[in-house]
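Printed here is upload-v1.txt (compact mmCIF, C-alpha atoms):
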```
# COMPACT_ATOMS: atom_id res chain seq x y z
CA MET P 84 0.00 0.00 0.00
CA THR P 85 1.35 3.46 -0.88
CA PRO P 86 1.42 6.26 1.72
CA GLU P 87 -1.34 7.98 -0.30
CA GLU P 88 -3.51 4.82 -0.14
CA LYS P 89 -2.81 4.47 3.57
CA LEU P 90 -3.87 8.09 4.16
CA ALA P 91 -7.09 7.50 2.18
CA GLU P 92 -7.80 4.39 4.29
CA LEU P 93 -7.40 6.54 7.42
CA GLY P 94 -9.92 9.02 6.03
CA PHE P 95 -7.53 11.75 4.89
CA THR P 96 -8.06 13.32 1.45
CA LEU P 97 -4.98 15.04 0.00
CA THR P 98 -5.57 18.53 -1.40
CA LYS P 99 -2.79 20.49 -3.07
CA ARG P 100 -1.51 23.40 -0.98
CA GLU P 101 0.29 26.56 -2.01
CA SER P 102 2.03 29.21 0.03
CA ALA P 103 -0.11 32.34 0.37
CA LEU P 104 2.88 34.58 1.07
CA PRO P 105 5.39 35.78 -1.56
CA PHE P 106 8.41 35.29 0.71
CA MET P 107 7.46 31.87 2.02
CA ALA P 108 7.45 28.34 0.67
CA LEU P 109 5.60 25.31 2.05
CA GLY P 110 9.05 23.80 2.25
CA LYS P 111 12.50 24.01 0.70
CA ILE P 112 14.56 21.22 -0.80
CA THR P 113 18.33 21.30 -0.40
CA GLY P 114 20.22 18.25 -1.61
CA ASN P 115 18.11 15.31 -0.50
CA LEU P 116 16.58 17.11 2.48
CA LEU P 117 13.14 18.69 2.56
CA TYR P 118 12.63 21.28 5.31
CA LEU P 119 8.94 22.04 5.79
CA SER P 120 7.45 25.21 7.17
CA GLY P 121 5.63 24.72 10.44
CA ALA P 122 2.05 23.44 10.15
CA THR P 123 -0.89 23.98 12.46
CA PRO P 124 -4.24 22.16 12.87
CA PRO P 125 -7.22 22.99 10.62
CA ALA P 126 -9.44 26.03 11.30
CA GLY P 127 -11.39 25.86 14.56
CA TRP P 128 -8.62 24.63 16.82
CA VAL P 129 -8.02 27.61 19.12
CA GLY P 130 -6.64 27.46 22.65
CA ARG P 131 -3.97 25.94 24.86
CA VAL P 132 -3.54 22.31 25.79
CA GLY P 133 -4.02 21.94 29.53
CA GLU P 134 -6.53 24.81 29.52
CA VAL P 135 -8.99 24.59 26.61
CA TYR P 136 -7.91 21.14 25.42
CA THR P 137 -7.14 17.88 27.23
CA VAL P 138 -4.08 15.78 26.44
CA GLU P 139 -6.32 13.48 24.33
CA GLN P 140 -7.63 16.43 22.35
CA GLY P 141 -4.07 17.69 21.95
CA TYR P 142 -3.11 14.26 20.60
CA GLU P 143 -5.87 14.58 17.98
CA ALA P 144 -4.67 18.09 17.06
CA ALA P 145 -1.13 16.72 16.66
CA ARG P 146 -2.42 13.92 14.41
CA LEU P 147 -4.22 16.44 12.19
CA THR P 148 -1.12 18.61 12.11
CA GLY P 149 0.99 15.60 11.14
CA TYR P 150 -1.46 15.05 8.31
CA ALA P 151 -1.04 18.71 7.30
CA GLN P 152 2.74 18.18 7.13
CA LEU P 153 2.28 15.10 4.92
CA GLU P 154 -0.07 17.09 2.67
CA MET P 155 2.54 19.84 2.39
CA ALA P 156 5.24 17.28 1.54
CA TRP P 157 2.92 15.71 -1.04
CA SER P 158 2.18 19.14 -2.58
CA ILE P 159 5.92 19.70 -3.03
CA LEU P 160 7.03 16.17 -3.98
CA GLY P 161 4.00 15.00 -5.95
CA ASP P 162 4.48 11.51 -4.50
CA LEU P 163 4.96 10.54 -0.84
CA GLY P 164 6.82 7.46 -2.09
CA ARG P 165 9.79 9.80 -2.57
CA ILE P 166 10.19 10.05 1.22
CA LYS P 167 13.19 7.91 2.21
CA GLN P 168 12.93 8.67 5.91
CA VAL P 169 11.55 11.15 8.40
CA VAL P 170 14.63 12.73 9.95
CA LYS P 171 13.43 15.08 12.67
CA LEU P 172 10.29 16.58 14.17
CA LEU P 173 10.01 19.64 16.33
CA GLY P 174 6.67 19.62 18.11
CA MET P 175 5.69 22.88 19.77
CA VAL P 176 2.67 22.67 22.06
CA ASN P 177 0.82 25.83 23.08
CA CYS P 178 0.20 24.95 26.72
CA ALA P 179 -0.53 26.14 30.20
CA PRO P 180 2.46 26.92 32.46
CA GLY P 181 3.64 23.77 34.22
CA PHE P 182 2.08 21.44 31.61
CA VAL P 183 4.18 18.25 31.65
CA ASP P 184 2.70 16.04 28.90
CA THR P 185 4.02 17.60 25.69
CA PRO P 186 5.36 14.17 24.53
CA LYS P 187 1.93 12.51 24.93
CA VAL P 188 0.45 15.25 22.74
CA MET P 189 3.12 14.87 20.04
CA HIS P 190 2.58 11.09 19.90
CA GLY P 191 -0.46 11.95 17.75
CA CYS P 192 1.81 13.10 14.94
CA SER P 193 4.50 10.48 15.51
CA GLU P 194 2.06 7.57 15.41
CA LEU P 195 0.46 8.87 12.20
CA TYR P 196 3.89 9.00 10.54
CA LEU P 197 4.54 5.39 11.58
CA GLU P 198 1.12 4.25 10.30
CA VAL P 199 1.50 5.99 6.95
CA LEU P 200 5.22 5.56 6.26
CA GLY P 201 6.09 2.40 8.20
CA GLU P 202 9.73 2.07 9.31
CA LYS P 203 10.60 5.13 7.20
CA GLY P 204 8.35 7.11 9.53
CA LYS P 205 10.59 6.61 12.58
CA HIS P 206 12.22 9.88 13.59
CA ALA P 207 14.25 11.96 15.99
CA ARG P 208 12.02 14.36 17.90
CA SER P 209 11.67 17.09 20.47
CA ALA P 210 8.28 17.89 22.00
CA VAL P 211 8.21 21.11 23.97
CA GLY P 212 5.82 23.67 25.43
CA LEU P 213 5.48 27.22 24.11
CA GLN P 214 3.97 30.46 25.28
CA ALA P 215 2.06 31.33 22.14
CA LEU P 216 1.44 30.12 18.60
CA PRO P 217 -0.02 31.83 15.51
CA GLY P 218 -3.74 32.42 16.01
CA ASN P 219 -3.52 30.67 19.40
CA VAL P 220 -3.60 27.20 17.83
CA PRO P 221 -2.79 24.34 20.24
CA ILE P 222 0.19 22.93 18.31
CA GLU P 223 2.70 23.65 15.55
CA ILE P 224 4.97 20.99 14.04
CA GLU P 225 7.89 21.18 11.62
CA THR P 226 9.48 18.17 9.92
CA ILE P 227 12.72 17.44 8.08
CA PHE P 228 12.43 14.62 5.53
CA GLU P 229 15.11 12.81 3.56
CA ILE P 230 13.86 12.37 0.01
CA GLU P 231 14.73 10.74 -3.33
CA VAL P 232 15.99 13.42 -5.69
CA MET K 89 22.61 44.73 -7.83
CA THR K 90 24.48 42.54 -5.31
CA PRO K 91 22.94 41.72 -1.91
CA GLU K 92 25.60 43.96 -0.34
CA GLU K 93 24.59 46.87 -2.62
CA LYS K 94 20.93 46.25 -1.86
CA LEU K 95 21.64 46.32 1.89
CA ALA K 96 23.54 49.61 1.47
CA GLU K 97 20.61 51.07 -0.45
CA LEU K 98 18.32 50.08 2.44
CA GLY K 99 20.63 51.88 4.86
CA PHE K 100 22.41 48.88 6.38
CA THR K 101 26.21 49.04 6.78
CA LEU K 102 27.91 45.65 7.07
CA THR K 103 30.40 45.32 9.92
CA LYS K 104 32.41 42.14 10.45
CA ARG K 105 31.30 40.11 13.46
CA GLU K 106 33.16 37.56 15.54
CA SER K 107 31.97 35.18 18.19
CA ALA K 108 32.85 36.42 21.68
CA LEU K 109 32.68 32.93 23.21
CA PRO K 110 35.38 30.25 22.79
CA PHE K 111 32.84 27.43 22.36
CA MET K 112 30.57 29.21 19.93
CA ALA K 113 30.69 30.16 16.29
CA LEU K 114 28.55 32.72 14.46
CA GLY K 115 27.59 29.78 12.28
CA LYS K 116 28.86 26.42 11.09
CA ILE K 117 29.21 25.18 7.53
CA THR K 118 28.57 21.51 6.79
CA GLY K 119 28.58 20.49 3.15
CA ASN K 120 26.73 23.29 1.37
CA LEU K 121 24.61 24.26 4.39
CA LEU K 122 25.32 27.16 6.73
CA TYR K 123 23.62 26.93 10.11
CA LEU K 124 23.70 30.28 11.89
CA SER K 125 23.54 30.89 15.61
CA GLY K 126 20.45 32.73 16.75
CA ALA K 127 20.57 36.50 16.35
CA THR K 128 18.79 39.18 18.34
CA PRO K 129 18.07 42.89 17.68
CA PRO K 130 20.67 45.58 18.42
CA ALA K 131 21.19 46.92 21.96
CA GLY K 132 18.23 48.80 23.39
CA TRP K 133 15.46 46.42 22.35
CA VAL K 134 14.23 45.03 25.68
CA GLY K 135 10.75 43.70 26.39
CA ARG K 136 7.98 41.50 25.07
CA VAL K 137 5.89 42.01 21.97
CA GLY K 138 2.28 42.51 23.01
CA GLU K 139 3.43 44.19 26.24
CA VAL K 140 6.28 46.66 25.68
CA TYR K 141 6.17 46.53 21.89
CA THR K 142 3.34 46.61 19.34
CA VAL K 143 3.17 44.21 16.39
CA GLU K 144 4.56 47.00 14.16
CA GLN K 145 7.51 47.52 16.50
CA GLY K 146 8.03 43.76 16.62
CA TYR K 147 8.12 43.76 12.81
CA GLU K 148 10.88 46.36 12.91
CA ALA K 149 12.81 44.31 15.49
CA ALA K 150 12.47 41.25 13.22
CA ARG K 151 13.77 43.25 10.25
CA LEU K 152 16.81 44.39 12.25
CA THR K 153 17.38 40.81 13.42
CA GLY K 154 17.16 39.57 9.84
CA TYR K 155 19.82 42.12 9.00
CA ALA K 156 21.93 40.78 11.88
CA GLN K 157 21.63 37.26 10.40
CA LEU K 158 22.74 38.55 6.98
CA GLU K 159 25.68 40.32 8.62
CA MET K 160 26.66 37.09 10.37
CA ALA K 161 26.41 35.16 7.08
CA TRP K 162 28.53 37.85 5.36
CA SER K 163 31.14 37.69 8.15
CA ILE K 164 31.47 33.94 7.56
CA LEU K 165 31.12 33.79 3.77
CA GLY K 166 32.81 37.06 2.80
CA ASP K 167 30.27 37.48 0.01
CA LEU K 168 26.48 37.22 0.22
CA GLY K 169 26.50 36.24 -3.46
CA ARG K 170 27.50 32.77 -2.25
CA ILE K 171 23.97 32.26 -0.84
CA LYS K 172 22.12 29.91 -3.20
CA GLN K 173 18.89 29.93 -1.22
CA VAL K 174 17.48 30.57 2.23
CA VAL K 175 16.30 27.16 3.42
CA LYS K 176 14.59 27.68 6.76
CA LEU K 177 13.91 30.30 9.41
CA LEU K 178 12.91 29.74 13.00
CA GLY K 179 11.46 32.94 14.40
CA MET K 180 11.05 33.03 18.17
CA VAL K 181 9.06 35.96 19.49
CA ASN K 182 9.26 36.92 23.17
CA CYS K 183 5.59 37.71 23.76
CA ALA K 184 2.76 38.05 26.18
CA PRO K 185 0.66 34.92 26.90
CA GLY K 186 -2.11 34.60 24.32
CA PHE K 187 -0.30 36.72 21.73
CA VAL K 188 -1.53 35.52 18.31
CA ASP K 189 0.44 37.56 15.77
CA THR K 190 3.89 35.93 15.76
CA PRO K 191 3.76 35.55 11.94
CA LYS K 192 3.08 39.28 11.40
CA VAL K 193 6.15 40.02 13.53
CA MET K 194 8.37 37.58 11.61
CA HIS K 195 7.32 39.08 8.27
CA GLY K 196 9.85 41.83 9.11
CA CYS K 197 12.70 39.38 8.63
CA SER K 198 11.10 37.45 5.77
CA GLU K 199 10.42 40.57 3.70
CA LEU K 200 13.99 41.82 4.21
CA TYR K 201 15.34 38.49 2.90
CA LEU K 202 13.13 38.80 -0.18
CA GLU K 203 14.22 42.42 -0.78
CA VAL K 204 17.92 41.64 -0.44
CA LEU K 205 18.15 38.17 -2.00
CA GLY K 206 15.22 38.14 -4.43
CA GLU K 207 13.80 34.69 -5.27
CA LYS K 208 16.72 33.07 -3.40
CA GLY K 209 15.35 34.69 -0.26
CA LYS K 210 12.13 32.62 -0.26
CA HIS K 211 12.13 30.18 2.65
CA ALA K 212 10.38 27.65 4.84
CA ARG K 213 9.56 29.16 8.21
CA SER K 214 8.05 28.74 11.65
CA ALA K 215 7.12 31.80 13.73
CA VAL K 216 6.33 30.99 17.34
CA GLY K 217 5.98 32.61 20.76
CA LEU K 218 8.40 32.04 23.62
CA GLN K 219 8.47 32.63 27.34
CA ALA K 220 11.86 34.30 27.53
CA LEU K 221 14.83 35.26 25.40
CA PRO K 222 18.41 36.26 26.29
CA GLY K 223 18.42 39.69 27.93
CA ASN K 224 14.65 39.90 27.43
CA VAL K 225 14.99 40.90 23.76
CA PRO K 226 11.73 40.82 21.76
CA ILE K 227 12.85 38.34 19.09
CA GLU K 228 15.50 35.76 18.19
CA ILE K 229 15.89 34.28 14.71
CA GLU K 230 18.00 31.45 13.34
CA THR K 231 18.51 30.72 9.64
CA ILE K 232 19.75 27.81 7.54
CA PHE K 233 21.25 28.86 4.19
CA GLU K 234 22.33 26.77 1.23
CA ILE K 235 25.62 28.14 -0.07
CA GLU K 236 28.15 27.78 -2.87
CA VAL K 237 31.18 25.90 -1.54
CA MET J 154 42.92 11.38 24.53
CA THR J 155 39.70 10.13 22.89
CA PRO J 156 36.35 11.78 23.67
CA GLU J 157 35.41 8.61 25.58
CA GLU J 158 38.57 8.85 27.71
CA LYS J 159 37.93 12.55 28.30
CA LEU J 160 34.37 11.80 29.45
CA ALA J 161 35.69 9.10 31.83
CA GLU J 162 38.23 11.59 33.25
CA LEU J 163 35.33 14.00 33.89
CA GLY J 164 33.46 11.26 35.76
CA PHE J 165 30.93 10.30 33.08
CA THR J 166 30.32 6.60 32.41
CA LEU J 167 28.81 5.83 29.00
CA THR J 168 25.82 3.46 29.04
CA LYS J 169 24.15 2.33 25.84
CA ARG J 170 20.72 3.90 25.29
CA GLU J 171 17.79 2.73 23.22
CA SER J 172 14.58 4.47 22.23
CA ALA J 173 11.64 3.26 24.32
CA LEU J 174 9.06 4.29 21.70
CA PRO J 175 8.39 2.40 18.44
CA PHE J 176 8.05 5.58 16.37
CA MET J 177 11.10 7.36 17.75
CA ALA J 178 14.84 7.04 17.36
CA LEU J 179 17.55 8.47 19.60
CA GLY J 180 18.71 10.18 16.44
CA LYS J 181 18.63 9.85 12.67
CA ILE J 182 21.56 9.89 10.27
CA THR J 183 21.09 11.47 6.84
CA GLY J 184 24.20 11.78 4.70
CA ASN J 185 26.92 12.86 7.11
CA LEU J 186 24.56 14.61 9.51
CA LEU J 187 23.26 13.14 12.77
CA TYR J 188 20.11 14.79 14.11
CA LEU J 189 19.54 13.83 17.74
CA SER J 190 16.24 13.75 19.58
CA GLY J 191 16.01 16.25 22.39
CA ALA J 192 17.61 15.16 25.68
CA THR J 193 16.74 16.15 29.21
CA PRO J 194 18.64 15.90 32.53
CA PRO J 195 18.62 12.67 34.59
CA ALA J 196 15.69 11.78 36.86
CA GLY J 197 15.18 14.13 39.79
CA TRP J 198 15.60 17.42 37.95
CA VAL J 199 12.11 18.93 38.12
CA GLY J 200 11.27 22.63 38.02
CA ARG J 201 11.98 25.89 36.27
CA VAL J 202 15.23 27.82 36.21
CA GLY J 203 14.68 31.18 37.93
CA GLU J 204 12.09 29.58 40.25
CA VAL J 205 13.22 26.19 41.59
CA TYR J 206 16.76 26.38 40.21
CA THR J 207 19.40 29.12 40.14
CA VAL J 208 21.40 29.95 37.02
CA GLU J 209 24.31 27.91 38.46
CA GLN J 210 22.06 24.89 38.97
CA GLY J 211 20.68 25.36 35.47
CA TYR J 212 24.26 25.34 34.16
CA GLU J 213 24.81 21.99 35.88
CA ALA J 214 21.56 20.63 34.40
CA ALA J 215 22.72 21.78 30.96
CA ARG J 216 26.08 20.06 31.45
CA LEU J 217 24.34 16.79 32.38
CA THR J 218 22.02 17.16 29.39
CA GLY J 219 25.00 17.75 27.11
CA TYR J 220 26.44 14.53 28.48
CA ALA J 221 23.11 12.79 27.71
CA GLN J 222 23.39 14.01 24.09
CA LEU J 223 26.95 12.66 23.82
CA GLU J 224 25.77 9.32 25.26
CA MET J 225 22.99 9.21 22.66
CA ALA J 226 25.46 9.99 19.88
CA TRP J 227 27.82 7.29 21.19
CA SER J 228 24.94 4.76 21.35
CA ILE J 229 24.24 5.43 17.67
CA LEU J 230 27.79 5.86 16.34
CA GLY J 231 29.64 3.37 18.55
CA ASP J 232 32.61 5.76 18.64
CA LEU J 233 32.60 9.50 19.42
CA GLY J 234 35.75 9.78 17.29
CA ARG J 235 33.38 9.70 14.31
CA ILE J 236 32.16 13.22 15.19
CA LYS J 237 33.75 15.65 12.73
CA GLN J 238 32.11 18.73 14.22
CA VAL J 239 29.20 19.88 16.32
CA VAL J 240 27.06 21.89 13.91
CA LYS J 241 24.20 23.37 15.92
CA LEU J 242 22.62 23.31 19.36
CA LEU J 243 19.13 24.36 20.32
CA GLY J 244 18.95 24.90 24.07
CA MET J 245 15.48 25.22 25.49
CA VAL J 246 15.33 26.39 29.10
CA ASN J 247 12.18 25.89 31.15
CA CYS J 248 12.16 29.19 32.97
CA ALA J 249 10.20 31.82 34.82
CA PRO J 250 8.67 34.64 32.73
CA GLY J 251 11.18 37.44 32.26
CA PHE J 252 14.19 35.17 32.87
CA VAL J 253 17.10 36.74 30.96
CA ASP J 254 20.01 34.32 31.46
CA THR J 255 19.23 31.43 29.11
CA PRO J 256 22.72 31.71 27.52
CA LYS J 257 24.49 31.39 30.89
CA VAL J 258 22.49 28.21 31.52
CA MET J 259 23.34 26.73 28.11
CA HIS J 260 27.06 27.40 28.61
CA GLY J 261 26.98 24.23 30.75
CA CYS J 262 26.40 22.12 27.66
CA SER J 263 28.59 24.20 25.34
CA GLU J 264 31.61 24.07 27.65
CA LEU J 265 31.28 20.30 28.05
CA TYR J 266 31.32 19.88 24.26
CA LEU J 267 34.48 21.99 24.06
CA GLU J 268 36.17 20.00 26.87
CA VAL J 269 35.30 16.62 25.35
CA LEU J 270 35.62 17.32 21.63
CA GLY J 271 38.11 20.20 21.52
CA GLU J 272 37.89 22.48 18.46
CA LYS J 273 35.38 20.05 16.88
CA GLY J 274 33.04 20.90 19.76
CA LYS J 275 32.62 24.56 18.67
CA HIS J 276 29.08 25.16 17.43
CA ALA J 277 26.31 27.45 16.30
CA ARG J 278 23.69 27.82 19.02
CA SER J 279 20.44 29.33 20.17
CA ALA J 280 19.54 29.41 23.87
CA VAL J 281 15.94 30.33 24.54
CA GLY J 282 13.28 30.20 27.27
CA LEU J 283 10.21 27.96 27.10
CA GLN J 284 6.91 27.69 28.86
CA ALA J 285 7.00 23.98 29.59
CA LEU J 286 9.12 20.88 29.01
CA PRO J 287 8.34 17.16 29.32
CA GLY J 288 7.92 16.24 33.00
CA ASN J 289 8.74 19.84 33.94
CA VAL J 290 12.50 19.30 33.54
CA PRO J 291 14.59 22.49 33.62
CA ILE J 292 16.21 22.09 30.19
CA GLU J 293 16.01 20.21 26.88
CA ILE J 294 18.77 20.29 24.26
CA GLU J 295 18.98 19.00 20.71
CA THR J 296 22.19 18.76 18.69
CA ILE J 297 23.13 18.34 15.02
CA PHE J 298 26.51 16.66 14.48
CA GLU J 299 28.53 16.22 11.32
CA ILE J 300 29.95 12.70 11.32
CA GLU J 301 32.29 10.39 9.39
CA VAL J 302 30.18 7.94 7.39
```
I'd like the structure from this file rewritten - as structure tokens, please.
Amino acid sequence: MTPEEKLAELGFTLTKRESALPFMALGKITGNLLYLSGATPPAGWVGRVGEVYTVEQGYEAARLTGYAQLEMAWSILGDLGRIKQVVKLLGMVNCAPGFVDTPKVMHGCSELYLEVLGEKGKHARSAVGLQALPGNVPIEIETIFEIEV
Amino acid sequence: MTPEEKLAELGFTLTKRESALPFMALGKITGNLLYLSGATPPAGWVGRVGEVYTVEQGYEAARLTGYAQLEMAWSILGDLGRIKQVVKLLGMVNCAPGFVDTPKVMHGCSELYLEVLGEKGKHARSAVGLQALPGNVPIEIETIFEIEV
Amino acid sequence: MTPEEKLAELGFTLTKRESALPFMALGKITGNLLYLSGATPPAGWVGRVGEVYTVEQGYEAARLTGYAQLEMAWSILGDLGRIKQVVKLLGMVNCAPGFVDTPKVMHGCSELYLEVLGEKGKHARSAVGLQALPGNVPIEIETIFEIEV
């Protein structure tokens, strides 16, 4: 099964994205690395984890944000089969002071990558808590992929 | 027009920088990537965006910090013409809790890169809100460049 | 003296680490770059710098976290002699609002790298303040190394 088929099976429909800003790209390719811009959950997710959202809801937001990153990669690459491995994730959780479960939130993204990409989806990761994110979304994630060129 | 000429036209005078700490470098080159250390605005910028500074002032701080990153790259490379593309920016805004406009602040840096480097200045980016920055400056930015080696 | 011998002289005993999570790796190698997952101090370090911990204690936590990163690199590489250079550190300090000394805290990691790896230990770096870290640890650090392949 291809990553695109796996995403469809999980209920995700890929839609091509484009950067809305003249100075930004969804991601940049250098050599065989693809650095994505940070992604956030779809419209409607507003508020901090540990205040507005539970850890379980944060996990769901992270899963949707992981999907957004895959959609961005697909928009750039045309084919998720070109991903050789996920190198590194930075997961930034918008959370209440003293919130301790940023890793449990980020598992939502990490587990989606493993489901969709198999062993290639395994990655290095940091999962940390931030003061504020654009539009007060609960999470922002950025990924570095190694790709076929 | 070279990037250096463009910077001069915009009123920025390049001055060679050196790292003041024995264990740090302004940036490190590996292969054809240049990873810069984080830069902050010039002396005098102290306080959070959304408290001490407005979004517009934060934009100006981001522009000055983008200039600082270009000055660091120039100090290392000797010639900004060696920049093949800007790969990725991480913009970290020191802001009040609940601040939602971190992207509008970071546009100050992004737009400077586009003005100075043209199409090569387009980049992947995250723009997020932090709890604290060194010396309580309003913004810190780090850039990855692809360069001619 | 090898980096392993230097670590032993400083009182650090290397113990092989493995990732406890099926979707995560201690670090990923792509080309001649090693991207490590974020590391935190050993068990028992709980609380923010500037509240529970002083800057000096934060420095010690950063030194221990730098050691954790070297232990992770050693677990992956088998030999710290394969490190050609430290490229970049991101130091994330869990701190009180308005805390200004994140660099002084991160020096604990940076100075350890210089002691253990000599000139190869010099690096680009950002040292910033976060709202929350996993388990409320005082610091998390992630490192990019250039390695012999």
message = Can you work out which residues from chain P touch chain J at a cut-off of 8 Å (counting only C-alpha atoms) and hand them back as a list in words?
response =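 Listing them in order of chain and number gives Val170, Lys171, Cys178, Ala179, Pro180, Gly181, Phe182, Val183, Asp184, Thr185, Pro186, Ser193, Glu194, Tyr196, Leu197, Gly204, Lys205, His206, Ala207, Arg208, Ser209, Ala210, Val211, Gly212, Leu213, Gln214 and Glu229 of chain P.
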Take the residues just selected and output them with C-alpha atoms as a tab-separated table (two decimals), keeping the file's coordinate frame.
```
chain	number	residue	atom	x	y	z
P	170	VAL	CA	14.63	12.73	9.95
P	171	LYS	CA	13.43	15.08	12.67
P	178	CYS	CA	0.20	24.95	26.72
P	179	ALA	CA	-0.53	26.14	30.20
P	180	PRO	CA	2.46	26.92	32.46
P	181	GLY	CA	3.64	23.77	34.22
P	182	PHE	CA	2.08	21.44	31.61
P	183	VAL	CA	4.18	18.25	31.65
P	184	ASP	CA	2.70	16.04	28.90
P	185	THR	CA	4.02	17.60	25.69
P	186	PRO	CA	5.36	14.17	24.53
P	193	SER	CA	4.50	10.48	15.51
P	194	GLU	CA	2.06	7.57	15.41
P	196	TYR	CA	3.89	9.00	10.54
P	197	LEU	CA	4.54	5.39	11.58
P	204	GLY	CA	8.35	7.11	9.53
P	205	LYS	CA	10.59	6.61	12.58
P	206	HIS	CA	12.22	9.88	13.59
P	207	ALA	CA	14.25	11.96	15.99
P	208	ARG	CA	12.02	14.36	17.90
P	209	SER	CA	11.67	17.09	20.47
P	210	ALA	CA	8.28	17.89	22.00
P	211	VAL	CA	8.21	21.11	23.97
P	212	GLY	CA	5.82	23.67	25.43
P	213	LEU	CA	5.48	27.22	24.11
P	214	GLN	CA	3.97	30.46	25.28
P	229	GLU	CA	15.11	12.81	3.56
```
request  = For range 90-103 of chain K, list every protein, DNA or RNA residue within 7 Å, evaluated using only C-alpha atoms, and leave out those in the same chain fewer than 4 positions away; present the list as a PyMOL selection string.
outcome  = chain K and resi 159+168-169+204-205
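Between CA of Pro221 in chain P and CA of Leu177 in chain K lies a distance of 20.8 Å.
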request  = Can you work out the spacing between CA of His190 in chain P and CA of Leu160 in chain P in Å, to one decimal?
outcome  = 24.8 Å
Among listed residues K:Val143, K:Val134, K:Ile232, K:Val193, nearest Leu158 in chain K (using only C-alpha atoms) =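 Closest residue, counting only C-alpha atoms: K:Ile232.
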task = For CA of Glu143 in chain P and CA of Thr123 in chain P, quote the distance in Å rounded to one decimal.
result =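 Computing it gives 12.0 Å between the two atoms.
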Residue neighbourhood Glu209 in chain J, 9 Å, only C-alpha atoms, exclusion window fewer than 2 positions, as a PDB file with C-alpha atoms, keeping the file's coordinate frame:
```pdb
ATOM      1  CA  TYR J 206      16.760  26.380  40.210  1.00  0.00           C
ATOM      2  CA  THR J 207      19.400  29.120  40.140  1.00  0.00           C
ATOM      3  CA  GLY J 211      20.680  25.360  35.470  1.00  0.00           C
ATOM      4  CA  TYR J 212      24.260  25.340  34.160  1.00  0.00           C
ATOM      5  CA  GLU J 213      24.810  21.990  35.880  1.00  0.00           C
ATOM      6  CA  ALA J 214      21.560  20.630  34.400  1.00  0.00           C
ATOM      7  CA  LYS J 257      24.490  31.390  30.890  1.00  0.00           C
ATOM      8  CA  VAL J 258      22.490  28.210  31.520  1.00  0.00           C
ATOM      9  CA  GLY J 261      26.980  24.230  30.750  1.00  0.00           C
TER      10      GLY J 261
END
```
request  = Extract, using only C-alpha atoms, all DNA, RNA and protein residues at most 8 Å from Ile230 in chain P, discarding same-chain residues fewer than 6 positions from it, and format them as a list in words.
outcome  =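 Neighbouring residues, sequence-local ones excluded: Asn115, Leu116, Leu117, Arg165, Ile166, Lys167 and Gln168 of chain P.
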Can I get the selection written as an mmCIF file, in the frame of the given file, with C-alpha atoms?
```
data_model
loop_
_atom_site.group_PDB
_atom_site.id
_atom_site.type_symbol
_atom_site.label_atom_id
_atom_site.label_comp_id
_atom_site.auth_asym_id
_atom_site.auth_seq_id
_atom_site.Cartn_x
_atom_site.Cartn_y
_atom_site.Cartn_z
ATOM 1 C CA ASN P 115 18.110 15.310 -0.500
ATOM 2 C CA LEU P 116 16.580 17.110 2.480
ATOM 3 C CA LEU P 117 13.140 18.690 2.560
ATOM 4 C CA ARG P 165 9.790 9.800 -2.570
ATOM 5 C CA ILE P 166 10.190 10.050 1.220
ATOM 6 C CA LYS P 167 13.190 7.910 2.210
ATOM 7 C CA GLN P 168 12.930 8.670 5.910
#
```
What box, with edges along x, y and z, holds each listed atom of range 275-287 of chain J when 5 Å is added on every side, and can you state its centre and edge lengths in Å to one decimal, as AutoDock Vina command-line options?
```
--center_x 19.8 --center_y 23.7 --center_z 22.9 --size_x 35.7 --size_y 23.2 --size_z 23.3
```
